[in-house]
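First up is the structure itself, then whatever we jot down about it.
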Amino acid sequence: MPDQLILRRPDDWHLHLRDGAELKSVVGYTAARFARAVVMPNLVPPVTTVALAQAYRDRILAALPAGAPFEPLMTLYLTDATTPAEIDVALASGIICGVKLYPAGATTHSEGGVTRIERCHATLERMQQLGMPLQVHVEVTDPSVDVFEREARFIDRVLVPLTRRFTQLKIVFEHVTTRAAVEFVRGGRAGIAATITPQHLLENRNALFVGGLRPHYYCLPVLKSESDREALVEAATGASARVFLGTDSAPHARASSTPKSSTPRVTSSAWRDLRASTEPTFTAGRATRSASGSSASPGPYRSGSNSVQPSWFPIARARSLAGH
Ligand SMILES: [Zn+2]
């Protein structure tokens, strides 16, 4: 049985590239490793329209190193005000691969997100009709819910009713972190899939507290228990075709991640250059432990994991409809 897999040019199905100088400083790391990436829309202001996504895509392409063969797959930021007509425009554009649902206040730059899912029903109906996937940040924002329970509560309160109401809607459960999430995705109806990050496969929540608070291990959703991590590894390395790599690489300025003021942050595609040498290092497709000085351990993804996802997204279909 092989103990190492090398993905020579995978796709990243969940990526934050930010904008401006940050975009220019990080996009090359992704383009050097990945052929394509699903680019998340939580800019300030958020990418709520196809016109904004087109402009953002142009900025990404302009920021690429010369000749880099990289295709950004754009997403829209769902709000209470997103119209069904915008979904029509998104499909026709050929550049939008999905619509991201952030519960308002759940994570970085999510303030403009959805306040009540019921307000999006008409838009979700149109997405269902057109085969446009909904990509979901799965955490309740209720401050009375334990931070480690927020994903599981969102499944119960929002996702289960949503999958029953919209029986054909394609749903990507972004960055699964718990055993409950794995069970929901693998046991769910057709049309449900998930991304998994390297950091949630490699670490459990103990990492946050080893020798004191360790803010570089703070990401959202937060790391979970060892039992949860084991469930993720099993899902990523098992036979299920519903699980994809999404690094959730999300650059933050170092100044915003000090122990005094820690924002959630993992920059997996560029981490090697941003972290002290004693910190774990994540790179695309494989994970290394620079602290131990040992050579690379294998990346946890099945070699065929990214061959499934394209059929999920409407881009190729929209292009063929557009005649090119
Ligand atoms: Zn993310």
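Ordered as shown in the structure tokens, chains take letters A, B, and onward, while each chain numbers its residues from 1 and ligands are numbered from 1 in the order shown.
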
task = Any chance you could list, as an MDAnalysis selection string, the residues in region 163-229 of chain A that come up strand (DSSP E or B) when DSSP is run on the backbone?
result = chainID A and resid 171:174 192:196

Could you give me, as a Markdown table, every chain A residue with an atom at most 7 Å from ligand 1, plus its closest atom pair and distance in Å to one decimal, counting only C-alpha atoms and all ligand atoms, rows ordered by chain then number?
| residue | atom | partner | partner_atom_place_in_ligand_line | distance |
| --- | --- | --- | --- | --- |
| A:His14 | CA | ligand 1 | 1 (Zn) | 6.3 |
| A:Leu15 | CA | ligand 1 | 1 (Zn) | 6.3 |
| A:His16 | CA | ligand 1 | 1 (Zn) | 6.3 |
| A:Met40 | CA | ligand 1 | 1 (Zn) | 6.7 |
| A:Asp248 | CA | ligand 1 | 1 (Zn) | 4.6 |
| A:Ala250 | CA | ligand 1 | 1 (Zn) | 6.7 |

Deliver the residues from the most recent selection as a file, using N, CA and C atoms, as a tab-separated table (two decimals), in the first residue's frame.
chain	number	residue	atom	x	y	z
A	14	HIS	N	-11.51	25.92	-2.41
A	14	HIS	CA	-11.92	26.95	-1.44
A	14	HIS	C	-10.69	27.79	-1.12
A	15	LEU	N	-10.69	29.03	-1.61
A	15	LEU	CA	-9.49	29.87	-1.48
A	15	LEU	C	-9.91	31.33	-1.28
A	16	HIS	N	-9.17	32.03	-0.42
A	16	HIS	CA	-9.32	33.48	-0.26
A	16	HIS	C	-8.08	34.15	-0.81
A	40	MET	N	-13.18	32.75	-2.99
A	40	MET	CA	-14.27	33.18	-2.12
A	40	MET	C	-14.52	34.69	-2.25
A	248	ASP	N	-8.86	26.64	2.07
A	248	ASP	CA	-9.30	27.78	2.88
A	248	ASP	C	-8.12	28.67	3.24
A	250	ALA	N	-6.23	31.75	3.72
A	250	ALA	CA	-6.86	33.05	3.94
A	250	ALA	C	-5.85	34.00	4.57

Residues near region 219-222 of chain A, cut-off 12 Å, only C-alpha atoms, skip fewer than 5 positions along chain, as a count of residues only = 50

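Among the candidates A:Leu213, A:Ala85, A:Leu232, A:Val136, the one nearest to Ala104 (chain A) when counting only C-alpha atoms is A:Val136.
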
message = Taking 3 positions as the minimum chain separation for residues in the same chain, which residues sit within 9 Å of Gln129 (chain A) when counting only C-alpha atoms? Answer as a ChimeraX atom specification.
response = /A:124-126,132,168-169

ask   = Could you name the residues that touch Arg9 (chain A) at 8 Å or less, counting only C-alpha atoms, but leaving out those on the same chain fewer than 4 positions away, as a VMD selection string?
value = chain A and resid 33 to 35

Go ahead and save the residues from that selection, with N, CA and C atoms, as a CSV table (one decimal), in the first residue's frame.
chain,number,residue,atom,x,y,z
A,33,ARG,N,1.0,26.1,-7.7
A,33,ARG,CA,0.7,24.8,-7.3
A,33,ARG,C,-0.6,24.3,-7.8
A,34,PHE,N,-1.6,25.2,-8.1
A,34,PHE,CA,-2.9,24.7,-8.5
A,34,PHE,C,-3.2,25.2,-9.9
A,35,ALA,N,-4.0,24.4,-10.6
A,35,ALA,CA,-4.5,24.8,-11.9
A,35,ALA,C,-5.6,25.7,-11.9

task = Could you tell me which of A:Gly131, A:Pro161, A:Gly98, A:Pro46 comes closest to Gly113 (chain A) if we count only C-alpha atoms?
result = A:Pro46

request  = Would you kindly return, as a PyMOL selection string, each protein, DNA or RNA residue with an atom no farther than 8 Å from any atom of Arg242 (chain A), considering only C-alpha atoms and excluding same-chain residues fewer than 6 positions away?
outcome  = chain A and resi 185-186+192-194
